[in-house]
>>> print(open('entry_16.cif').read())   # mmCIF, C-alpha atoms
data_my_file
loop_
_atom_site.label_atom_id
_atom_site.label_comp_id
_atom_site.auth_asym_id
_atom_site.auth_seq_id
_atom_site.Cartn_x
_atom_site.Cartn_y
_atom_site.Cartn_z
CA MET A 24 10.30 5.54 -30.95
CA PRO A 25 9.65 9.25 -30.37
CA THR A 26 12.54 11.59 -29.72
CA GLU A 27 11.78 11.98 -26.03
CA THR A 28 12.11 8.24 -25.34
CA TRP A 29 15.48 8.16 -27.08
CA LEU A 30 16.62 11.17 -25.08
CA ILE A 31 15.56 9.60 -21.78
CA PHE A 32 17.50 6.45 -22.70
CA ILE A 33 20.63 8.43 -23.63
CA LEU A 34 20.39 10.59 -20.49
CA ILE A 35 20.10 7.59 -18.18
CA PHE A 36 23.12 6.09 -19.95
CA MET A 37 25.04 9.33 -19.43
CA ILE A 38 24.13 9.57 -15.74
CA LEU A 39 25.30 5.98 -15.17
CA GLY A 40 28.50 6.73 -17.10
CA SER A 41 29.27 9.82 -15.03
CA ILE A 42 28.62 8.05 -11.72
CA THR A 43 30.96 5.29 -12.88
CA ALA A 44 33.58 7.84 -13.85
CA LEU A 45 33.44 9.53 -10.46
CA GLU A 46 33.50 6.37 -8.36
CA LEU A 47 36.14 4.28 -10.14
CA LYS A 48 39.61 4.23 -8.62
CA ASP A 49 41.49 3.73 -11.86
CA ILE A 50 42.13 7.00 -13.66
CA LEU A 51 42.21 5.51 -17.18
CA SER A 52 38.74 3.99 -16.69
CA SER A 53 37.44 7.31 -15.35
CA ILE A 54 38.62 9.24 -18.39
CA ILE A 55 37.13 6.67 -20.76
CA SER A 56 33.80 6.82 -18.91
CA ILE A 57 33.83 10.58 -19.36
CA GLY A 58 34.26 9.83 -23.05
CA ILE A 59 31.00 7.84 -22.89
CA VAL A 60 29.22 10.85 -21.40
CA GLY A 61 30.58 13.27 -24.00
CA LEU A 62 29.72 11.04 -26.95
CA GLY A 63 26.25 10.59 -25.43
CA VAL A 64 25.88 14.39 -25.49
CA SER A 65 26.93 14.32 -29.14
CA VAL A 66 24.27 11.71 -30.03
CA ALA A 67 21.68 13.70 -28.06
CA PHE A 68 22.56 16.79 -30.12
CA LEU A 69 21.93 14.74 -33.27
CA PHE A 70 18.48 13.82 -31.95
CA MET A 71 17.81 17.48 -31.12
CA GLN A 72 18.43 18.40 -34.79
CA ALA A 73 21.72 20.20 -34.18
CA PRO A 74 24.27 18.63 -36.54
CA ASP A 75 26.84 21.43 -36.18
CA LEU A 76 26.81 21.02 -32.43
CA ALA A 77 27.14 17.25 -32.72
CA ILE A 78 30.29 17.61 -34.81
CA VAL A 79 31.81 20.21 -32.47
CA GLN A 80 30.95 18.15 -29.39
CA PHE A 81 32.54 15.07 -30.96
CA LEU A 82 35.74 16.98 -31.69
CA PHE A 83 35.71 18.47 -28.18
CA GLU A 84 35.39 15.01 -26.68
CA ILE A 85 38.28 13.58 -28.68
CA PHE A 86 40.53 16.56 -27.89
CA ALA A 87 39.61 16.52 -24.19
CA MET A 88 40.33 12.80 -23.97
CA ILE A 89 43.69 13.22 -25.69
CA ILE A 90 44.63 16.09 -23.35
CA LEU A 91 43.50 14.26 -20.21
CA LEU A 92 45.16 10.96 -21.14
CA ARG A 93 48.38 12.66 -22.18
CA ALA A 94 48.49 14.67 -18.98
CA PHE A 95 47.41 12.21 -16.30
CA LEU A 96 48.15 8.71 -17.47
CA LYS A 97 51.79 8.23 -16.59
CA LYS A 98 51.72 9.92 -13.19
CA ASP A 99 52.02 7.59 -10.25
CA TYR A 100 48.51 7.90 -9.07
CA HIS A 101 47.81 8.25 -5.38
CA GLN A 102 44.85 6.31 -4.03
CA GLU A 103 42.23 8.26 -2.17
CA SER A 104 42.16 7.18 1.45
CA THR A 105 38.55 6.91 2.58
CA SER A 106 38.32 8.00 6.18
CA ARG A 107 35.16 7.97 8.24
CA LEU A 108 34.74 11.73 8.01
CA ASN A 109 34.79 11.47 4.24
CA TRP A 110 31.90 9.00 4.24
CA LEU A 111 29.94 11.31 6.55
CA LEU A 112 30.62 14.25 4.25
CA SER A 113 29.49 12.33 1.16
CA GLY A 114 26.31 11.23 2.93
CA VAL A 115 25.39 14.76 3.96
CA THR A 116 26.16 16.04 0.46
CA ILE A 117 24.01 13.36 -1.19
CA ILE A 118 21.09 14.13 1.14
CA VAL A 119 21.34 17.88 0.44
CA LEU A 120 21.55 17.28 -3.31
CA ILE A 121 18.51 14.98 -3.23
CA ALA A 122 16.63 17.71 -1.34
CA ILE A 123 17.62 20.23 -4.02
CA PHE A 124 16.44 17.81 -6.69
CA LEU A 125 13.07 17.31 -5.01
CA PHE A 126 12.54 21.03 -4.59
CA SER A 127 13.50 21.65 -8.21
CA ILE A 128 10.69 19.44 -9.53
CA SER A 129 8.14 22.24 -9.08
CA VAL A 130 10.48 24.65 -10.88
CA PHE A 131 10.68 22.34 -13.87
CA ASN A 132 6.88 21.95 -13.74
CA ALA A 133 6.61 25.68 -14.30
CA LEU A 134 8.63 25.49 -17.51
CA PRO A 135 6.82 25.03 -20.83
CA PRO A 136 6.48 21.34 -21.73
CA PHE A 137 9.16 19.61 -23.76
CA GLY A 138 8.87 20.31 -27.48
CA GLN A 139 6.99 23.62 -27.22
CA PRO A 140 9.58 26.32 -26.53
CA LEU A 141 8.80 29.90 -25.63
CA LEU A 142 11.75 31.44 -27.45
CA THR A 143 10.55 33.83 -30.13
CA THR A 144 13.68 35.80 -31.00
CA ALA A 145 14.78 33.19 -33.49
CA GLU A 146 11.75 33.67 -35.72
CA HIS A 147 13.36 36.77 -37.15
CA TYR A 148 16.57 34.84 -37.84
CA ILE A 149 14.70 31.98 -39.50
CA ALA A 150 12.54 34.28 -41.63
CA HIS A 151 15.14 36.85 -42.69
CA GLY A 152 18.48 35.10 -42.11
CA ALA A 153 19.06 33.98 -45.67
CA ALA A 154 18.04 37.32 -47.17
CA GLU A 155 20.11 39.43 -44.75
CA THR A 156 23.29 37.39 -44.51
CA GLY A 157 23.25 35.09 -47.52
CA ALA A 158 24.01 31.99 -45.44
CA ALA A 159 21.97 28.82 -45.92
CA ASN A 160 23.09 27.51 -42.55
CA LEU A 161 21.27 29.68 -40.03
CA VAL A 162 23.55 28.71 -37.15
CA ALA A 163 26.50 30.01 -39.14
CA SER A 164 24.59 33.18 -39.94
CA VAL A 165 23.97 33.79 -36.23
CA ILE A 166 27.57 33.05 -35.23
CA LEU A 167 29.30 34.97 -37.98
CA ASP A 168 26.90 37.81 -38.70
CA TYR A 169 24.26 38.63 -36.09
CA ARG A 170 26.44 37.83 -33.09
CA ALA A 171 29.90 38.20 -34.52
CA TYR A 172 31.11 40.12 -31.45
CA ASP A 173 30.16 37.08 -29.39
CA THR A 174 32.40 34.95 -31.53
CA LEU A 175 35.17 37.52 -31.21
CA GLY A 176 34.85 37.27 -27.43
CA GLU A 177 34.94 33.48 -27.66
CA ILE A 178 38.16 33.60 -29.66
CA THR A 179 39.61 36.02 -27.10
CA VAL A 180 38.75 33.71 -24.20
CA LEU A 181 40.17 30.69 -26.03
CA PHE A 182 43.34 32.60 -26.90
CA THR A 183 43.75 33.74 -23.29
CA ALA A 184 43.26 30.21 -21.97
CA ILE A 185 45.84 28.76 -24.37
CA LEU A 186 48.21 31.63 -23.57
CA GLY A 187 47.78 30.98 -19.85
CA SER A 188 48.47 27.26 -20.13
CA LEU A 189 51.50 27.88 -22.33
CA THR A 190 52.80 30.42 -19.80
CA ILE A 191 52.40 27.97 -16.93
CA LEU A 192 54.23 25.24 -18.85
CA ARG A 193 56.98 27.72 -19.73
CA ILE A 194 57.52 28.67 -16.08
CA GLN A 195 58.17 24.99 -15.32
CA SER A 196 60.73 24.60 -18.07
CA GLN A 197 62.54 27.82 -17.09
CA ARG A 198 62.82 26.69 -13.49
CA LYS A 199 64.23 23.38 -14.67
CA LYS A 200 66.71 25.25 -16.85
CA GLU A 201 67.87 27.40 -13.93
CA GLY A 202 68.16 24.30 -11.77
CA SER A 203 70.34 22.57 -14.32
CA GLU A 204 72.52 25.67 -14.75
CA SER A 205 73.09 26.14 -11.03
CA SER A 206 73.79 22.45 -10.48
CA MET B 3 9.64 17.41 -18.19
CA THR B 4 11.27 14.02 -17.49
CA VAL B 5 14.06 14.99 -19.85
CA TYR B 6 14.67 18.26 -18.00
CA LEU B 7 14.75 16.44 -14.66
CA LEU B 8 17.24 13.85 -15.93
CA CYS B 9 19.43 16.62 -17.32
CA PHE B 10 19.35 18.37 -13.95
CA LEU B 11 20.23 15.06 -12.30
CA LEU B 12 23.30 14.86 -14.55
CA PHE B 13 24.26 18.36 -13.40
CA LEU B 14 23.81 17.31 -9.77
CA VAL B 15 26.05 14.28 -10.27
CA GLY B 16 28.78 16.62 -11.49
CA PHE B 17 28.12 18.96 -8.56
CA TYR B 18 28.42 16.05 -6.13
CA GLY B 19 31.80 15.23 -7.64
CA VAL B 20 33.03 18.80 -7.24
CA LEU B 21 31.89 18.94 -3.62
CA THR B 22 33.11 15.59 -2.30
CA LYS B 23 36.03 14.33 -4.37
CA ARG B 24 39.52 15.03 -3.07
CA ASP B 25 41.30 14.24 -6.29
CA LEU B 26 42.12 17.07 -8.70
CA VAL B 27 41.57 14.84 -11.75
CA LYS B 28 38.14 13.82 -10.52
CA ILE B 29 37.25 17.48 -9.87
CA ILE B 30 38.23 18.42 -13.42
CA LEU B 31 36.10 15.55 -14.76
CA SER B 32 33.15 16.71 -12.62
CA LEU B 33 33.44 20.23 -14.00
CA THR B 34 33.34 18.75 -17.50
CA ILE B 35 30.17 16.82 -16.62
CA MET B 36 28.51 20.00 -15.32
CA GLY B 37 29.38 21.75 -18.57
CA TYR B 38 27.84 18.94 -20.61
CA ALA B 39 24.64 19.11 -18.59
CA VAL B 40 24.25 22.87 -19.00
CA ASN B 41 24.88 22.73 -22.77
CA LEU B 42 22.43 19.87 -23.17
CA PHE B 43 19.80 21.68 -21.11
CA LEU B 44 19.94 24.79 -23.30
CA ILE B 45 19.50 22.71 -26.45
CA LEU B 46 16.68 20.65 -24.88
CA PHE B 47 14.91 23.84 -23.92
CA ALA B 48 14.98 25.12 -27.50
CA TYR B 49 13.74 21.93 -29.18
CA ARG B 50 10.44 22.09 -31.03
CA ASP B 51 8.47 18.95 -31.82
CA GLN B 52 8.67 17.65 -35.39
CA ALA B 53 11.15 20.39 -36.32
CA LEU B 54 14.14 20.06 -38.62
CA PHE B 55 17.71 21.33 -38.36
CA PRO B 56 18.08 25.03 -39.26
CA ILE B 57 19.69 24.69 -42.67
CA LEU B 58 17.73 26.16 -45.56
CA LYS B 59 16.90 23.76 -48.35
CA GLU B 60 14.40 23.79 -51.18
CA GLY B 61 11.09 22.26 -50.22
CA VAL B 62 11.54 22.57 -46.46
CA ASN B 63 9.01 24.64 -44.57
CA MET B 64 10.72 27.55 -42.84
CA GLU B 65 8.36 27.49 -39.88
CA ALA B 66 9.29 23.91 -38.97
CA MET B 67 12.84 24.59 -37.84
CA VAL B 68 14.43 24.55 -34.40
CA ASP B 69 15.85 27.78 -33.01
CA PRO B 70 19.31 28.54 -34.41
CA LEU B 71 20.12 31.02 -31.61
CA PRO B 72 20.72 28.62 -28.67
CA GLN B 73 22.66 26.33 -30.98
CA ALA B 74 25.01 29.17 -31.90
CA LEU B 75 25.51 30.16 -28.27
CA VAL B 76 26.15 26.56 -27.17
CA LEU B 77 28.67 26.20 -29.99
CA THR B 78 30.55 29.12 -28.43
CA SER B 79 30.26 27.58 -24.98
CA ILE B 80 31.64 24.18 -26.04
CA VAL B 81 34.76 25.74 -27.55
CA ILE B 82 35.36 27.86 -24.44
CA GLU B 83 34.98 24.74 -22.29
CA LEU B 84 37.83 23.08 -24.16
CA GLY B 85 40.10 26.04 -23.41
CA THR B 86 39.10 26.04 -19.74
CA THR B 87 39.72 22.31 -19.43
CA ALA B 88 43.16 22.68 -20.97
CA LEU B 89 44.01 25.48 -18.52
CA LEU B 90 42.78 23.42 -15.54
CA VAL B 91 44.82 20.42 -16.66
CA THR B 92 47.92 22.57 -16.91
CA ILE B 93 47.43 24.00 -13.42
CA ALA B 94 46.86 20.48 -12.04
CA LEU B 95 50.07 19.28 -13.69
CA LYS B 96 51.97 22.20 -12.19
CA LEU B 97 50.58 21.40 -8.73
CA PHE B 98 51.57 17.77 -9.20
CA GLN B 99 55.12 18.74 -10.05
CA LYS B 100 55.38 20.83 -6.92
CA TYR B 101 53.57 18.66 -4.37
CA LYS B 102 53.82 15.17 -5.94
CA THR B 103 50.15 14.49 -5.29
CA PHE B 104 46.71 15.21 -6.73
CA ASP B 105 45.00 15.06 -3.33
CA ILE B 106 43.69 18.53 -2.50
CA THR B 107 43.77 17.92 1.25
CA LYS B 108 47.54 17.49 1.04
CA ILE B 109 48.11 20.63 -1.05
CA ARG B 110 48.16 22.98 1.90
CA ARG B 111 50.78 25.59 1.35
CA LEU B 112 48.39 28.08 -0.27
CA SER B 113 45.87 27.81 2.56
CA GLY B 114 48.45 28.98 5.12
#
>>> encode(input="entry_16.cif", output="structure tokens")
Amino acid sequence: MPTETWLIFILIFMILGSITALELKDILSSIISIGIVGLGVSVAFLFMQAPDLAIVQFLFEIFAMIILLRAFLKKDYHQESTSRLNWLLSGVTIIVLIAIFLFSISVFNALPPFGQPLLTTAEHYIAHGAAETGAANLVASVILDYRAYDTLGEITVLFTAILGSLTILRIQSQRKKEGSESS
Amino acid sequence: MTVYLLCFLLFLVGFYGVLTKRDLVKIILSLTIMGYAVNLFLILFAYRDQALFPILKEGVNMEAMVDPLPQALVLTSIVIELGTTALLVTIALKLFQKYKTFDITKIRRLSG
């Protein structure tokens, strides 16, 4: 089968998985369905000839599932109460989103067809990457040489996010400590 | 074309979740879905027919390679997404400790 057919199959699978994840009541099933979607993205990256991305996406999926399960599994989970207003709201939202989808078809018609990209910047990287940076893996040469400041910014954002979550967790434990000291 | 539309549909499913769900966990999952769709769209947009992965090897034609640039940028984006998800999960846990619920319509003290 050609690549496009495989991709359509994987994408339909992912859409079904995400709808399942959003509509299920059980939180464990939701998180596992999100795992289906993420691993589908990983397989799609393999079909798009991006092995580095497939590995990173796989790791991301496993880490995200561990974090989500560890955080949300043991909480006593409150059921969503579906009132009439909520149904109305979902209906209006679905109609608006379908309208957006229909209007977007012409936008996607204006794009170049699948498999013939317009991007031309990368030709320089492909032609001169090995000579200028000495890396056989061109993705690594872009990350670590041509756009190293980008990677520095990424590390900064990641560091800030981890610092923020650690700070929030620390505030909790300090409040508990004060509570235990006063009581 | 069909692939682009399906990818946009995946994004819209995530958007629907963000707009209508009242559960913090479901909102975090929807944000993750939107991130997947955007990453996948960038890579789909850069794919060239019959091209190989951008790793230099003897005997492989240099012209027949996919763009390495979007792949590098999406690599950055995936890692940042993990950090953002971890931060969101921490904030949701903190809210749960304070209000004993994940339902955003019951978390009202911030809205006055």
>>> resolve_selection(input="entry_16.cif", expression="the PyMOL selection byres ((chain B and resi 16) around 9)", output="PyMOL selection string")
(chain A and resi 41-42+45) or (chain B and resi 11-15+17-21+29+31-37+39)
>>> interface_residues(input="entry_16.cif", of="chain B", to="chain A", cutoff="7 Å", atoms="all atoms listed in the file", output="PyMOL selection string")
chain B and resi 3+5+8-9+12+14-15+18-19+22+28+38+42+47-51+54-58+64+69-71+73-74+77-78+80+82+84-86+89+92+103
>>> atom_distance(input="entry_16.cif", atom1="CA of Leu92 in chain A", atom2="CA of Phe36 in chain A")
22.6 Å
>>> axis_aligned_box(input="entry_16.cif", around="range 140-158 of chain A", padding_each_side="3 Å", output="lines of an AutoDock Vina configuration file")
center_x = 16.4
center_y = 32.9
center_z = -36.6
size_x = 21.2
size_y = 19.1
size_z = 27.9
>>> atom_distance(input="entry_16.cif", atom1="CA of Ile85 in chain A", atom2="CA of Glu83 in chain B")
13.3 Å
>>> atom_distance(input="entry_16.cif", atom1="CA of Leu75 in chain B", atom2="CA of Ser129 in chain A")
27.1 Å
>>> resolve_selection(input="entry_16.cif", expression="the PyMOL selection byres ((chain B and resi 25) around 8)", output="mmCIF file with C-alpha atoms, keeping the file's coordinate frame")
data_model
loop_
_atom_site.group_PDB
_atom_site.id
_atom_site.type_symbol
_atom_site.label_atom_id
_atom_site.label_comp_id
_atom_site.auth_asym_id
_atom_site.auth_seq_id
_atom_site.Cartn_x
_atom_site.Cartn_y
_atom_site.Cartn_z
ATOM 1 C CA GLU A 103 42.230 8.260 -2.170
ATOM 2 C CA LYS B 23 36.030 14.330 -4.370
ATOM 3 C CA ARG B 24 39.520 15.030 -3.070
ATOM 4 C CA LEU B 26 42.120 17.070 -8.700
ATOM 5 C CA VAL B 27 41.570 14.840 -11.750
ATOM 6 C CA LYS B 28 38.140 13.820 -10.520
ATOM 7 C CA ILE B 29 37.250 17.480 -9.870
ATOM 8 C CA PHE B 104 46.710 15.210 -6.730
ATOM 9 C CA ASP B 105 45.000 15.060 -3.330
ATOM 10 C CA ILE B 106 43.690 18.530 -2.500
#
